[in-house]
Amino acid sequence: DGPLLRRLASVQYQLTFCRRTYLDDAPAGATQIGIPAETDTGGFTHFLLYASSALAEQSTPSFLRFDDLRSRVASLSFVDLDLDAGELGGTISWRAVFDKHLIASYNIYLATSYEGDGRELQLTSTELSTLLPPETSLRHFTHLVIYAASELAEQTTPVALLLSDVQATVANVSLPDYDLDEHEIGGSLVWDEPSNTEQVTHYIVYFADYNLTNGSDIRAYFQNVSVGNDSLTVQPDTPLINFANVVPRTTHVAIYTLSPLVEQSTPATHVIVDAFATVSGTLFVDKDLDEEEIGGRMAWQLPAQLEKVIQYNVYFAESADGLNRHLTNYNISIVMSSDGDAGASGADDEGYLDIPPDTALQSFSHLLVYTSSMLVEQSTPDSFIISDTAATVQNISFPDEDLDLGDLGGVLEWVEPEDASQVTHYMVYLAELSGDPGVDINISNGKVLVAVISGSFSFALVGATVLQLQEYNLNMLGLGLKFFCCCPVFLFL
C-alpha cells in the first residue's frame, strides 16, 4: 500500500502544478497580500505561495484551496404606494440566497436598465427589507436594482426590478352650491374615482385657499370617505370664511387619495363658486288704516342670479333675523320683464305678495323674504320694518239744521288724521247703534252714503232725507277704495 499511496500523491502533486499563473509578490517579512475585488478566478482552485531567494524560487510551494463564494438576493419586490405621478414610495423586500453569511449590507439604487446603468444610490440596509420614502422622485429612472455587498466590495451583477409608477387621482370634481347665502356653501360633492384604485384606501377632502399672494396655500380637513364612494354631502351653512378657524377664505375644494403608506401630495381641485341669491329692496306700505292691522302689497327686487332659486318664502317676524317668525300663506307673484330662463333677472323684475286687509299685526315688527333652493332655504333674509299706518279722523261733529222729523240737513265736520298719506277718501255711513255705545257700531253695506275725497274735512247734507242720501250714494260708489278705515269715529244723531 505504501508505494501506491506515494504514487497517487505524486500524481496529485503533479496535477497541482500543471497550470498556474502569476498573481502577485511580497517582500521578505510580509505576511499578507490583498486580492483585489473582481479578480477573475480563471478556473483556478488554489493559491500557491513560493519563497524566493536571490538565487531561485523554491520548487515546492505552500498552497490553499479557495472557494469562489456566491452571495446575491432573490425575489425582489416593490409596490409603489405613493399615488402621485412621477413619485415613488413603499417597502422594498427581498431574500438572500447562497452564502448570505458573508453579506455585510444591501445597496439599493434607481437605475436606467437591468444592468444598473446610470444608477443612483437611494438606500443601504442590513435587513431583508427597507422603506423607500414617499415622494422619492422617479425622474428618468426605469428600474430598481439591489446589490449585495461584503466588507470588501459590492457585487457587480445586481438583481433588478422594472418599476411601475402607481398614479391614482380623482377626476371631474364638482360641487354646485345650493346654499343661497353669501359666503356659505351646501350641496353634493362628486368626483370620478381613479381607474386604478388597488392601492387606494380613502379619499380625503380639504377646503383650501389657493389664491394667496405669498404662494403659501392653506388647507383645512373637511371629511373623508372610503374607496368605492364617489360623493359626499356638504351640509348647508358650511362657512367659506374662516373655515375651521384655519382657512381665511376658501377658494377651492381639494380631494387627495390615500394609500396604506401616505396621502398623495398633489390633489384634484375644484374652484368653488359661491351661489348668492337674495332679494333686495323689500318694500311694504300699509294701506289698512286701522291701528294694529295691516294690508297692502309687499314687493321686492329679484336676485341677480335665478337659476338655483325655486321659490320665495315670506314671514312675519319679531326681528330682522327671524325671531319667532311665522310663514305667510299668501300667493306670491313674479313679474319678469327679462328672459327668466337665462338664469338672470333684470332691473325691473320683481316679486310681490298681497297681504289682505284686517291682517292682525300682533307682536310682529318685520317682514322677511327668503329665497329657497332645491336643497335649503337661505338663512339670511332680506327684511323690512313694518310701519303700521293708523289714520282715524278726530272731532267729528254734525249740527242738524233740518227741523223736520226724519230729515237731516247741515254740515258734517271732522279733523283729518295726523298721517293722511295713505288716505284717498273718507267713507261716510249712516249707522244704527245696537247695544252699549262703547261697543263698535255695526255697519250694514246698504248704509253707505258717500265717499269724500281726501283733503276734505266736511260734508254738507242740504235738506236731504235718508232715502235721498242712500240713492245719491249708489251713484258715488265708483269713488270707493280698496282699503279703508273700518273702525270709524262716529257721531250720535
# chains A, B, ... in the order shown; residues from 1 in each chain; ligands from 1
$ residues_around --residues "region 112-117 of chain A" --least-positions-apart "2" --cutoff "8 Å" --atoms "only C-alpha atoms" --output "short mmCIF file (atom, residue, chain, number, x, y, z; two decimals) with N, CA and C atoms, in the first residue's frame"
data_model
loop_
_atom_site.label_atom_id
_atom_site.label_comp_id
_atom_site.auth_asym_id
_atom_site.auth_seq_id
_atom_site.Cartn_x
_atom_site.Cartn_y
_atom_site.Cartn_z
N TYR A 109 -30.48 50.91 -5.50
CA TYR A 109 -30.30 52.01 -6.43
C TYR A 109 -31.54 52.17 -7.31
N LEU A 110 -31.71 53.37 -7.85
CA LEU A 110 -32.56 53.59 -9.01
C LEU A 110 -31.64 53.63 -10.23
N ARG A 119 -27.04 54.33 -12.46
CA ARG A 119 -27.69 54.15 -11.17
C ARG A 119 -27.34 55.26 -10.18
N HIS A 140 -35.90 60.08 -14.51
CA HIS A 140 -35.71 59.30 -15.74
C HIS A 140 -35.47 57.82 -15.47
N PHE A 141 -35.51 57.41 -14.21
CA PHE A 141 -35.18 56.03 -13.87
C PHE A 141 -36.31 55.08 -14.26
N THR A 142 -35.90 53.85 -14.58
CA THR A 142 -36.87 52.84 -15.01
C THR A 142 -36.81 51.57 -14.17
N HIS A 143 -35.71 51.37 -13.43
CA HIS A 143 -35.50 50.11 -12.72
C HIS A 143 -35.05 50.36 -11.28
N VAL A 145 -32.62 48.44 -8.64
CA VAL A 145 -31.59 47.39 -8.61
C VAL A 145 -31.02 47.31 -7.21
N THR A 157 -22.97 42.35 -10.37
CA THR A 157 -24.19 42.00 -11.10
C THR A 157 -25.38 42.10 -10.15
N PRO A 158 -26.28 43.07 -10.36
CA PRO A 158 -27.38 43.27 -9.42
C PRO A 158 -28.58 42.39 -9.75
N VAL A 159 -29.53 42.42 -8.86
CA VAL A 159 -30.87 41.91 -9.14
C VAL A 159 -31.73 43.14 -9.42
N ALA A 160 -32.53 43.09 -10.47
CA ALA A 160 -33.26 44.28 -10.92
C ALA A 160 -34.76 44.03 -10.99
N LEU A 161 -35.52 45.14 -10.90
CA LEU A 161 -36.98 45.08 -10.98
C LEU A 161 -37.44 46.28 -11.80
N LEU A 162 -38.28 46.03 -12.80
CA LEU A 162 -38.84 47.11 -13.60
C LEU A 162 -39.87 47.86 -12.76
#
$ residues_around --residues "region 373-386 of chain A" --least-positions-apart "6" --cutoff "6 Å" --atoms "only C-alpha atoms" --output "PyMOL selection string"
chain A and resi 178+180-181+308-310+320+365-367
$ write_last_selection --atoms "N, CA and C atoms" --output "compact mmCIF listing (two decimals), in the first residue's frame"
# COMPACT_ATOMS: atom_id res chain seq x y z
N TYR A 178 -75.82 75.00 -3.45
CA TYR A 178 -77.25 75.25 -3.33
C TYR A 178 -77.60 75.94 -2.01
N LEU A 180 -77.91 79.45 -0.71
CA LEU A 180 -78.04 80.72 -1.42
C LEU A 180 -77.54 81.91 -0.63
N ASP A 181 -76.99 81.66 0.56
CA ASP A 181 -76.40 82.75 1.35
C ASP A 181 -74.98 83.03 0.89
N LYS A 308 -80.83 78.89 -9.43
CA LYS A 308 -80.97 77.92 -8.33
C LYS A 308 -82.10 78.27 -7.37
N VAL A 309 -82.84 79.33 -7.67
CA VAL A 309 -83.96 79.73 -6.82
C VAL A 309 -85.22 79.03 -7.32
N ILE A 310 -85.87 78.29 -6.42
CA ILE A 310 -87.10 77.61 -6.82
C ILE A 310 -88.34 78.23 -6.18
N ALA A 320 -85.22 91.31 12.61
CA ALA A 320 -84.69 91.18 11.26
C ALA A 320 -84.04 89.82 11.02
N SER A 365 -92.83 92.73 13.96
CA SER A 365 -92.26 94.04 13.62
C SER A 365 -91.61 94.06 12.24
N HIS A 366 -91.39 92.87 11.65
CA HIS A 366 -90.67 92.80 10.39
C HIS A 366 -91.37 91.86 9.41
N LEU A 367 -91.15 92.14 8.15
CA LEU A 367 -91.47 91.22 7.08
C LEU A 367 -90.16 90.72 6.49
$ select_by_dssp --residues "region 355-393 of chain A" --states "strand (DSSP E or B)" --output "JSON, numbers by chain"
{"A": [355, 356, 357, 358, 359, 360, 366, 367, 368, 369, 370, 371, 372, 377, 382, 383, 384, 385]}
$ closest_residue --among "A:Tyr312, A:Tyr50, A:Tyr22, A:Trp414" --to "Ser397 (chain A)" --atoms "only C-alpha atoms"
A:Trp414
$ atom_distance --atom1 "CA of Val73 (chain A)" --atom2 "CA of Leu163 (chain A)"
17.4 Å
$ residues_around --residues "region 245-260 of chain A" --least-positions-apart "6" --cutoff "7 Å" --atoms "only C-alpha atoms" --output "list in words"
Leu81, Ala168, Thr169, Gln199, Val200, Thr201, His202, Tyr203, Ile204, Val205, Tyr206, Phe207, Ala208, Asp209, Tyr210, Ile218, Arg219, Ala220, Pro267, Ala268, Thr269, His270, Val271 and Ile272 of chain A
$ residues_around --residues "region 25-29 of chain A" --least-positions-apart "4" --cutoff "12 Å" --atoms "only C-alpha atoms" --output "PyMOL selection string"
chain A and resi 33-35+48-54+57
$ residues_around --residues "region 190-194 of chain A" --least-positions-apart "4" --cutoff "9 Å" --atoms "only C-alpha atoms" --output "CSV table (one decimal) with C-alpha atoms, in the first residue's frame"
chain,number,residue,atom,x,y,z
A,167,GLN,CA,-50.9,57.0,-10.2
A,168,ALA,CA,-54.3,57.4,-8.5
A,169,THR,CA,-56.0,60.8,-8.7
A,170,VAL,CA,-59.8,61.5,-8.8
A,171,ALA,CA,-61.2,63.4,-11.7
A,172,ASN,CA,-64.1,65.6,-12.7
A,173,VAL,CA,-64.6,67.1,-9.3
A,174,SER,CA,-67.9,69.1,-9.0
A,175,LEU,CA,-69.6,71.0,-6.1
A,200,VAL,CA,-56.3,53.5,-2.6
A,227,VAL,CA,-62.6,54.0,-1.6
A,228,GLY,CA,-65.7,52.9,-3.6
A,229,ASN,CA,-67.5,56.1,-2.9
A,230,ASP,CA,-67.7,59.0,-5.4
A,231,SER,CA,-69.6,61.6,-3.5
A,232,LEU,CA,-70.3,63.2,-0.1
A,233,THR,CA,-72.7,65.8,1.2
A,255,ILE,CA,-59.5,65.8,-2.9
